[in-house]
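Visitor: What follows is a single structure, and I will ask about it in a moment.
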Amino acid sequence: MANSYNTQILRDGMRNFVIRVTGEIDLTAPTDIAPIALTNIATMNPPCLALRVDRVKFSLPHGCPLDVQLWWDATAPVLFWGMAGGDDNEFSNFGGITNNAGVGKTGNILFGTTGATGATAQAGNFWTFACIVECVKLQPIYPA
């Protein structure tokens, strides 16, 4: 088995966008997942210019060194949230987390992992993770 991940769009409405990412890190040949696309604002229905993150829920194995990260996509991606263990983080009470990536920002969110060294587990085991990201579409582009 190799490292794998899956994404599922739970909601793609006029205002809200919710996505779930799940993955398995195979400890027989563990490697971190470099930041890869989690969202594509151009293909949403309706598309938008950016996203605001209002909530992140996640679950990772207790005691493992795996860290799942969320990044703003840009020429130099910007880390905006790291997750270890499990939690339910609400950001809407202060206006959410907005994209401050700077040069070359696309409005998309990336995800990646670090800590997949396998040093604390026996070969043949795997770590699983799950994360739900609740977003609000900013500047949606409605059909003319």
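Here's how to read the names in the structure tokens: chain A, B, ... by the order shown, residue numbers from 1 in each chain, ligand numbers from 1 in the order shown.
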Find the residues around Leu51 (chain A) up to 7 Å (only C-alpha atoms counted), leave out those fewer than 2 positions away in its own chain, and share them as a list of chain:residue names.

Guide: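 That gives A:Val53, A:Gly107, A:Cys135, A:Val136, A:Lys137, A:Leu138.
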
Visitor: I'd like a table as JSON lines: residues in region 11-101 of chain A with an atom no more than 7 Å from region 109-113 of chain A, each row giving the shortest atom pair and its distance in Å to one decimal, only C-alpha atoms counted, sorted by chain and rising residue number.

Guide:
{"residue": "A:Asp32", "atom": "CA", "partner": "A:Thr113", "partner_atom": "CA", "distance": 5.3}
{"residue": "A:Ile33", "atom": "CA", "partner": "A:Thr113", "partner_atom": "CA", "distance": 5.0}
{"residue": "A:Ala34", "atom": "CA", "partner": "A:Gly112", "partner_atom": "CA", "distance": 5.2}
{"residue": "A:Pro35", "atom": "CA", "partner": "A:Gly112", "partner_atom": "CA", "distance": 4.3}
{"residue": "A:Ile36", "atom": "CA", "partner": "A:Leu110", "partner_atom": "CA", "distance": 5.1}
{"residue": "A:Ala37", "atom": "CA", "partner": "A:Leu110", "partner_atom": "CA", "distance": 4.4}
{"residue": "A:Leu38", "atom": "CA", "partner": "A:Leu110", "partner_atom": "CA", "distance": 4.9}
{"residue": "A:Thr39", "atom": "CA", "partner": "A:Ile109", "partner_atom": "CA", "distance": 5.5}
{"residue": "A:Leu66", "atom": "CA", "partner": "A:Thr113", "partner_atom": "CA", "distance": 6.9}
{"residue": "A:Asp67", "atom": "CA", "partner": "A:Thr113", "partner_atom": "CA", "distance": 5.5}
{"residue": "A:Val68", "atom": "CA", "partner": "A:Thr113", "partner_atom": "CA", "distance": 4.5}
{"residue": "A:Gln69", "atom": "CA", "partner": "A:Gly112", "partner_atom": "CA", "distance": 5.3}
{"residue": "A:Leu70", "atom": "CA", "partner": "A:Phe111", "partner_atom": "CA", "distance": 4.6}
{"residue": "A:Trp71", "atom": "CA", "partner": "A:Leu110", "partner_atom": "CA", "distance": 4.9}
{"residue": "A:Trp72", "atom": "CA", "partner": "A:Ile109", "partner_atom": "CA", "distance": 5.0}
{"residue": "A:Asp73", "atom": "CA", "partner": "A:Ile109", "partner_atom": "CA", "distance": 5.7}

Visitor: Between A:Trp127, A:Gly86, A:Asn16, A:Ile132, single out the one closest to Ser4 (chain A), counting only C-alpha atoms.

Guide: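 Of A:Trp127, A:Gly86, A:Asn16, A:Ile132, the one nearest Ser4 (chain A) is A:Trp127, counting only C-alpha atoms.
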
Visitor: Enumerate, as a PyMOL selection string, the complete set of residues in chain A that a backbone-based DSSP assignment places in helix (DSSP H, G or I).

Guide: chain A and resi 41-43+92-94

Visitor: Residues as selected, C-alpha atoms, written as a PDB file, in the first residue's frame, can you do that?

Guide:
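Output saved as out-v3.pdb:
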ATOM      1  CA  ILE A  41     -12.224  28.024  -6.877  1.00  0.00           C
ATOM      2  CA  ALA A  42     -12.548  28.196 -10.676  1.00  0.00           C
ATOM      3  CA  THR A  43     -14.624  24.988 -10.852  1.00  0.00           C
ATOM      4  CA  SER A  92     -16.479  32.571  12.298  1.00  0.00           C
ATOM      5  CA  ASN A  93     -16.877  34.422  15.607  1.00  0.00           C
ATOM      6  CA  PHE A  94     -14.061  36.776  14.545  1.00  0.00           C
TER       7      PHE A  94
END

Visitor: Return as CSV the residues of region 26-59 of chain A lying at most 12 Å from region 78-84 of chain A, together with the closest atom-to-atom pair for each and the distance in Å to one decimal, counting only C-alpha atoms, with rows in chain order and ascending residue number.

Guide:
residue,atom,partner,partner_atom,distance
A:Pro35,CA,A:Leu79,CA,9.6
A:Arg52,CA,A:Phe80,CA,11.6
A:Val53,CA,A:Phe80,CA,10.0
A:Arg55,CA,A:Trp81,CA,11.0
A:Val56,CA,A:Trp81,CA,9.0
A:Lys57,CA,A:Met83,CA,9.3
A:Phe58,CA,A:Met83,CA,7.3
A:Ser59,CA,A:Ala84,CA,7.7

Visitor: Neighbouring residues of Asp12 (chain A) were defined as those with any atom within 8 Å, considering only C-alpha atoms; residues of the same chain fewer than 4 positions away were excluded. Please report them as JSON, numbers by chain.

Guide: {"A": [16, 17, 18, 44, 45]}

Visitor: Among chain A, which ones does DSSP assign to strand (DSSP E or B) (computed from the backbone)? Answer as a ChimeraX atom specification.

Guide: /A:4-12,16-26,36-37,48-59,67-72,78-83,86-90,97,109-114,126-140

Visitor: Between CA of Gly63 (chain A) and CA of Ile9 (chain A), measure the distance and give it in Å to one decimal.

Guide: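 Value for the CA of Gly63 (chain A)-CA of Ile9 (chain A) distance: 28.8 Å.
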
Visitor: In Å to one decimal, how far is CA of Leu27 (chain A) from CA of Tyr5 (chain A)?

Guide: 14.5 Å
